[in-house]
Each structure stands twice: as structure tokens, then as C-alpha cells.
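Participant: Contents are mmCIF, C-alpha atoms; file name target-v8.cif:
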data_model
#
loop_
_atom_site.group_PDB
_atom_site.id
_atom_site.type_symbol
_atom_site.label_atom_id
_atom_site.label_comp_id
_atom_site.auth_asym_id
_atom_site.auth_seq_id
_atom_site.Cartn_x
_atom_site.Cartn_y
_atom_site.Cartn_z
ATOM 1 C CA MET D 1 -17.861 6.096 13.973
ATOM 2 C CA SER D 2 -15.725 7.349 11.054
ATOM 3 C CA GLU D 3 -14.570 5.114 8.194
ATOM 4 C CA SER D 4 -11.024 5.147 9.602
ATOM 5 C CA GLU D 5 -12.250 4.103 13.041
ATOM 6 C CA LYS D 6 -14.323 1.299 11.518
ATOM 7 C CA ILE D 7 -11.314 -0.051 9.593
ATOM 8 C CA LEU D 8 -9.083 -0.014 12.663
ATOM 9 C CA ASP D 9 -11.814 -1.623 14.760
ATOM 10 C CA GLN D 10 -12.452 -4.371 12.155
ATOM 11 C CA LYS D 11 -8.729 -5.195 12.097
ATOM 12 C CA GLY D 12 -8.595 -5.325 15.890
ATOM 13 C CA LEU D 13 -6.230 -2.368 16.224
ATOM 14 C CA ARG D 14 -6.347 0.204 18.969
ATOM 15 C CA ILE D 15 -7.611 3.545 17.678
ATOM 16 C CA THR D 16 -4.931 6.200 18.183
ATOM 17 C CA ALA D 17 -4.637 9.750 16.903
ATOM 18 C CA MET D 18 -1.664 8.885 14.654
ATOM 19 C CA ARG D 19 -3.325 5.805 13.157
ATOM 20 C CA LEU D 20 -6.421 7.884 12.403
ATOM 21 C CA LEU D 21 -4.354 10.678 10.806
ATOM 22 C CA VAL D 22 -2.372 8.336 8.570
ATOM 23 C CA LEU D 23 -5.373 6.241 7.580
ATOM 24 C CA GLU D 24 -7.512 9.304 6.815
ATOM 25 C CA GLN D 25 -4.708 10.654 4.614
ATOM 26 C CA LEU D 26 -4.431 7.324 2.760
ATOM 27 C CA LEU D 27 -8.198 7.314 2.220
ATOM 28 C CA LEU D 28 -7.975 10.796 0.663
ATOM 29 C CA GLN D 29 -5.252 9.780 -1.823
ATOM 30 C CA GLN D 30 -6.187 8.722 -5.350
ATOM 31 C CA THR D 31 -3.012 6.663 -5.772
ATOM 32 C CA PRO D 32 -0.657 4.831 -3.403
ATOM 33 C CA SER D 33 1.416 7.104 -1.163
ATOM 34 C CA GLY D 34 4.960 6.913 0.080
ATOM 35 C CA LEU D 35 6.435 7.934 3.389
ATOM 36 C CA ASN D 36 7.674 11.267 1.977
ATOM 37 C CA ALA D 37 4.216 12.262 0.700
ATOM 38 C CA LEU D 38 2.607 11.329 3.995
ATOM 39 C CA GLN D 39 5.195 13.271 5.953
ATOM 40 C CA THR D 40 4.545 16.335 3.752
ATOM 41 C CA ALA D 41 0.776 15.975 4.222
ATOM 42 C CA LEU D 42 1.169 15.504 7.987
ATOM 43 C CA PRO D 43 3.925 18.019 8.889
ATOM 44 C CA ARG D 44 3.398 17.745 12.643
ATOM 45 C CA ALA D 45 3.848 13.960 12.575
ATOM 46 C CA ASP D 46 7.223 12.347 13.181
ATOM 47 C CA ARG D 47 8.663 10.380 10.215
ATOM 48 C CA ILE D 48 9.496 7.328 12.343
ATOM 49 C CA THR D 49 5.999 7.258 13.818
ATOM 50 C CA ILE D 50 4.437 7.416 10.349
ATOM 51 C CA TYR D 51 6.725 4.574 9.219
ATOM 52 C CA ARG D 52 5.803 2.440 12.235
ATOM 53 C CA THR D 53 2.126 3.124 11.601
ATOM 54 C CA LEU D 54 2.466 2.002 7.970
ATOM 55 C CA LYS D 55 4.301 -1.124 9.112
ATOM 56 C CA THR D 56 1.510 -1.913 11.577
ATOM 57 C CA PHE D 57 -1.086 -1.325 8.844
ATOM 58 C CA SER D 58 0.795 -3.669 6.495
ATOM 59 C CA GLU D 59 1.088 -6.369 9.160
ATOM 60 C CA ASN D 60 -2.654 -6.161 9.794
ATOM 61 C CA GLY D 61 -3.973 -6.170 6.222
ATOM 62 C CA ILE D 62 -4.861 -2.479 5.960
ATOM 63 C CA VAL D 63 -2.233 -1.522 3.349
ATOM 64 C CA HIS D 64 0.053 -3.410 1.027
ATOM 65 C CA PRO D 65 3.535 -2.119 0.177
ATOM 66 C CA ILE D 66 4.483 -1.623 -3.461
ATOM 67 C CA GLU D 67 8.174 -1.795 -4.297
ATOM 68 C CA ASN D 68 9.152 -0.979 -7.855
ATOM 69 C CA GLY D 69 12.901 -0.931 -7.364
ATOM 70 C CA ASN D 70 13.430 2.724 -8.392
ATOM 71 C CA THR D 71 11.678 4.897 -5.881
ATOM 72 C CA GLU D 72 10.520 4.751 -2.303
ATOM 73 C CA VAL D 73 8.044 2.112 -1.219
ATOM 74 C CA LYS D 74 4.443 3.188 -1.783
ATOM 75 C CA TYR D 75 1.470 1.994 0.251
ATOM 76 C CA ALA D 76 -1.971 1.224 -1.167
ATOM 77 C CA LEU D 77 -5.072 0.469 0.833
ATOM 78 C CA CYS D 78 -6.034 -3.193 0.894
ATOM 79 C CA ARG D 79 -9.524 -4.423 0.304
ATOM 80 C CA ALA D 80 -11.554 -5.607 3.293
ATOM 81 C CA TYR D 81 -10.683 -9.264 2.633
ATOM 82 C CA CYS D 82 -6.971 -8.931 3.490
ATOM 83 C CA THR D 83 -5.998 -10.185 6.926
ATOM 84 C CA ALA D 84 -3.060 -9.959 9.289
ATOM 85 C CA SER D 85 -1.917 -13.405 8.175
ATOM 86 C CA LYS D 86 -2.467 -13.060 4.428
ATOM 87 C CA HIS D 87 -2.575 -10.246 1.899
ATOM 88 C CA LEU D 88 -4.915 -11.156 -0.927
ATOM 89 C CA ASP D 89 -4.069 -8.200 -3.147
ATOM 90 C CA LYS D 90 -2.555 -10.342 -5.899
ATOM 91 C CA HIS D 91 -2.760 -7.746 -8.658
ATOM 92 C CA PRO D 92 -0.069 -6.058 -10.737
ATOM 93 C CA HIS D 93 0.850 -2.412 -10.304
ATOM 94 C CA PHE D 94 1.487 0.071 -13.107
ATOM 95 C CA HIS D 95 4.291 2.617 -12.669
ATOM 96 C CA CYS D 96 3.947 5.571 -15.021
ATOM 97 C CA GLN D 97 7.414 6.684 -16.034
ATOM 98 C CA LYS D 98 6.156 10.147 -16.949
ATOM 99 C CA CYS D 99 4.096 11.249 -13.911
ATOM 100 C CA GLN D 100 5.613 8.676 -11.498
ATOM 101 C CA ARG D 101 2.194 7.567 -10.198
ATOM 102 C CA ILE D 102 1.656 3.955 -9.231
ATOM 103 C CA ILE D 103 -1.751 2.511 -10.035
ATOM 104 C CA CYS D 104 -3.205 -0.745 -8.695
ATOM 105 C CA LEU D 105 -4.522 -2.837 -11.606
ATOM 106 C CA GLU D 106 -7.096 -4.660 -9.494
ATOM 107 C CA ALA D 107 -8.995 -6.100 -12.463
ATOM 108 C CA LEU D 108 -5.929 -8.204 -13.328
ATOM 109 C CA GLU D 109 -4.252 -10.992 -11.378
ATOM 110 C CA VAL D 110 -0.564 -11.811 -11.090
ATOM 111 C CA PRO D 111 -0.215 -15.128 -12.949
ATOM 112 C CA VAL D 112 0.619 -18.263 -10.973
ATOM 113 C CA LEU D 113 4.068 -19.543 -11.843
ATOM 114 C CA GLU D 114 5.597 -22.984 -11.371
ATOM 115 C CA TYR D 115 8.906 -22.760 -9.527
ATOM 116 C CA PRO D 116 11.657 -25.388 -9.580
ATOM 117 C CA ASN D 117 11.936 -27.813 -6.673
ATOM 118 C CA GLY D 118 13.740 -26.366 -3.695
ATOM 119 C CA TYR D 119 12.417 -22.814 -4.081
ATOM 120 C CA LEU D 120 10.240 -21.482 -1.273
ATOM 121 C CA VAL D 121 8.403 -18.440 -2.631
ATOM 122 C CA GLN D 122 7.270 -16.100 0.122
ATOM 123 C CA GLU D 123 6.050 -13.122 -1.837
ATOM 124 C CA VAL D 124 5.324 -12.235 -5.451
ATOM 125 C CA SER D 125 4.878 -8.731 -6.814
ATOM 126 C CA MET D 126 4.520 -7.458 -10.342
ATOM 127 C CA THR D 127 5.179 -3.921 -11.515
ATOM 128 C CA VAL D 128 4.540 -2.932 -15.113
ATOM 129 C CA LYS D 129 6.306 0.231 -16.306
ATOM 130 C CA GLY D 130 5.152 2.510 -19.079
ATOM 131 C CA ILE D 131 3.039 5.619 -19.713
ATOM 132 C CA CYS D 132 -0.426 5.847 -18.129
ATOM 133 C CA ALA D 133 -3.568 6.794 -20.059
ATOM 134 C CA GLN D 134 -3.652 10.329 -18.563
ATOM 135 C CA CYS D 135 -0.087 11.092 -19.648
ATOM 136 C CA GLN D 136 -0.726 9.831 -23.183
ATOM 137 C CA SER D 137 -3.606 12.252 -23.823
#
In C-alpha cells, what does this structure look like?

Facilitator:
Amino acid sequence: MSESEKILDQKGLRITAMRLLVLEQLLLQQTPSGLNALQTALPRADRITIYRTLKTFSENGIVHPIENGNTEVKYALCRAYCTASKHLDKHPHFHCQKCQRIICLEALEVPVLEYPNGYLVQEVSMTVKGICAQCQS
């Protein structure tokens, strides 16, 4: 059984050709990928089908979406401990403004904040913008 098949099986998802293609492509990537990059890498795949696959992966704790407000949503692989009911990837993301890569800063945690009464927080994300170490050298 391949790594992709194991991941899908552990998350209780049916193994399909499209899910395997998308997941294998995400496993090959060094940084989070967006829909456009995946569509370029998988030219025979339909854009809507790739999007639906990513949505299914997000709903089942396989990927977490990264929205930085400027560009398309990127998707990073979750660690094995994420579940369909709860993403535990509570780390900041770094968006390099030179090379446009997004890097998961997994060694750091998004700080816990106290919100005023009456606020129901459903999701917290943190994106730090700057120049990555590779672009500075």
C-alpha cells in the first residue's frame, strides 16, 4: 500500500484515482500548493474535481487551507493528529514577499488570545509576511 493509500485509509476515505493523484502531488511539493499549481501539475484533471478533492481533504484532516489575503488559497498537508472534526495545525505561516512561497512554521504556535464577551471565535490563522532565508542569501 502506498503512502497516499495509507493516508486515505487512515482517514476513512474511499481510495479513488483523483484522490491518489492530488495527494501524491501534495506529498511531492516542498511548500503548500494552490489550486492553480495543482491544475498545472495534473493537466488531465478537471479544476472543479481538484477543488472538490481539496475540500474533502480539508474536511477530513488531510490538508489545512492557508489564506493570506493576497493570493489564492494554498493547501498544506496536515500532520497525522488532525481529524475530520478538528485541525490541530495551530502554527503560523510565513509568506515570502519575494519568491511568494508560503512556509509552515510548525515549531511555533499561534498565541492564545482573550476575546471580549460575546465573540464566538471559530478559526484563527496567522500569516507573517517578509523575506525568507533563501531569498536573503

Participant: Could you name the residues that touch His95 of chain D at 6 Å or less, counting all atoms listed in the file, but leaving out those on the same chain fewer than 2 positions away, as a count of residues only?

Facilitator: 3

Participant: Could you list the residues chosen by the PyMOL selection byres ((chain D and resi 107) around 12) in this structure as a list in words?

Facilitator: Asp89, Lys90, His91, Pro92, His93, Ile103, Cys104, Leu105, Glu106, Leu108, Glu109 and Val110 of chain D

Participant: Those residues with C-alpha atoms, as a PDB file, in the frame of the given file please?

Facilitator:
ATOM      1  CA  ASP D  89      -4.069  -8.200  -3.147  1.00  0.00           C
ATOM      2  CA  LYS D  90      -2.555 -10.342  -5.899  1.00  0.00           C
ATOM      3  CA  HIS D  91      -2.760  -7.746  -8.658  1.00  0.00           C
ATOM      4  CA  PRO D  92      -0.069  -6.058 -10.737  1.00  0.00           C
ATOM      5  CA  HIS D  93       0.850  -2.412 -10.304  1.00  0.00           C
ATOM      6  CA  ILE D 103      -1.751   2.511 -10.035  1.00  0.00           C
ATOM      7  CA  CYS D 104      -3.205  -0.745  -8.695  1.00  0.00           C
ATOM      8  CA  LEU D 105      -4.522  -2.837 -11.606  1.00  0.00           C
ATOM      9  CA  GLU D 106      -7.096  -4.660  -9.494  1.00  0.00           C
ATOM     10  CA  LEU D 108      -5.929  -8.204 -13.328  1.00  0.00           C
ATOM     11  CA  GLU D 109      -4.252 -10.992 -11.378  1.00  0.00           C
ATOM     12  CA  VAL D 110      -0.564 -11.811 -11.090  1.00  0.00           C
TER      13      VAL D 110
END

Participant: Taking the file as I've supplied it (selection: the PyMOL selection byres ((chain D and resi 42-55) around 9)), which residues are included? Please answer as a ChimeraX atom specification.

Facilitator: /D:18-19,21-23,25,35-41,56-60,62-63,65,75

Participant: For those residues, write C-alpha atoms to a file as a PDB file, keeping the file's coordinate frame.

Facilitator:
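This went into result.pdb:
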ATOM      1  CA  MET D  18      -1.664   8.885  14.654  1.00  0.00           C
ATOM      2  CA  ARG D  19      -3.325   5.805  13.157  1.00  0.00           C
ATOM      3  CA  LEU D  21      -4.354  10.678  10.806  1.00  0.00           C
ATOM      4  CA  VAL D  22      -2.372   8.336   8.570  1.00  0.00           C
ATOM      5  CA  LEU D  23      -5.373   6.241   7.580  1.00  0.00           C
ATOM      6  CA  GLN D  25      -4.708  10.654   4.614  1.00  0.00           C
ATOM      7  CA  LEU D  35       6.435   7.934   3.389  1.00  0.00           C
ATOM      8  CA  ASN D  36       7.674  11.267   1.977  1.00  0.00           C
ATOM      9  CA  ALA D  37       4.216  12.262   0.700  1.00  0.00           C
ATOM     10  CA  LEU D  38       2.607  11.329   3.995  1.00  0.00           C
ATOM     11  CA  GLN D  39       5.195  13.271   5.953  1.00  0.00           C
ATOM     12  CA  THR D  40       4.545  16.335   3.752  1.00  0.00           C
ATOM     13  CA  ALA D  41       0.776  15.975   4.222  1.00  0.00           C
ATOM     14  CA  THR D  56       1.510  -1.913  11.577  1.00  0.00           C
ATOM     15  CA  PHE D  57      -1.086  -1.325   8.844  1.00  0.00           C
ATOM     16  CA  SER D  58       0.795  -3.669   6.495  1.00  0.00           C
ATOM     17  CA  GLU D  59       1.088  -6.369   9.160  1.00  0.00           C
ATOM     18  CA  ASN D  60      -2.654  -6.161   9.794  1.00  0.00           C
ATOM     19  CA  ILE D  62      -4.861  -2.479   5.960  1.00  0.00           C
ATOM     20  CA  VAL D  63      -2.233  -1.522   3.349  1.00  0.00           C
ATOM     21  CA  PRO D  65       3.535  -2.119   0.177  1.00  0.00           C
ATOM     22  CA  TYR D  75       1.470   1.994   0.251  1.00  0.00           C
TER      23      TYR D  75
END

Participant: Extract, using all atoms listed in the file, all DNA, RNA and protein residues at most 10 Å from Cys135 of chain D, discarding same-chain residues fewer than 6 positions from it, and format them as a PyMOL selection string.

Facilitator: chain D and resi 96-99

Participant: Would you work out the distance separating atom CA of Gln100 of chain D from atom CA of Leu27 of chain D, expressed in Å to one decimal?

Facilitator: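 Atom CA of Leu27 of chain D lies at a distance of 19.5 Å from atom CA of Gln100 of chain D.
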
Participant: Skipping near chain neighbours, those fewer than 6 positions away, what residues fall within 12 Å of Met1 of chain D using only C-alpha atoms, listed as a PyMOL selection string?

Facilitator: chain D and resi 7-10+15+20
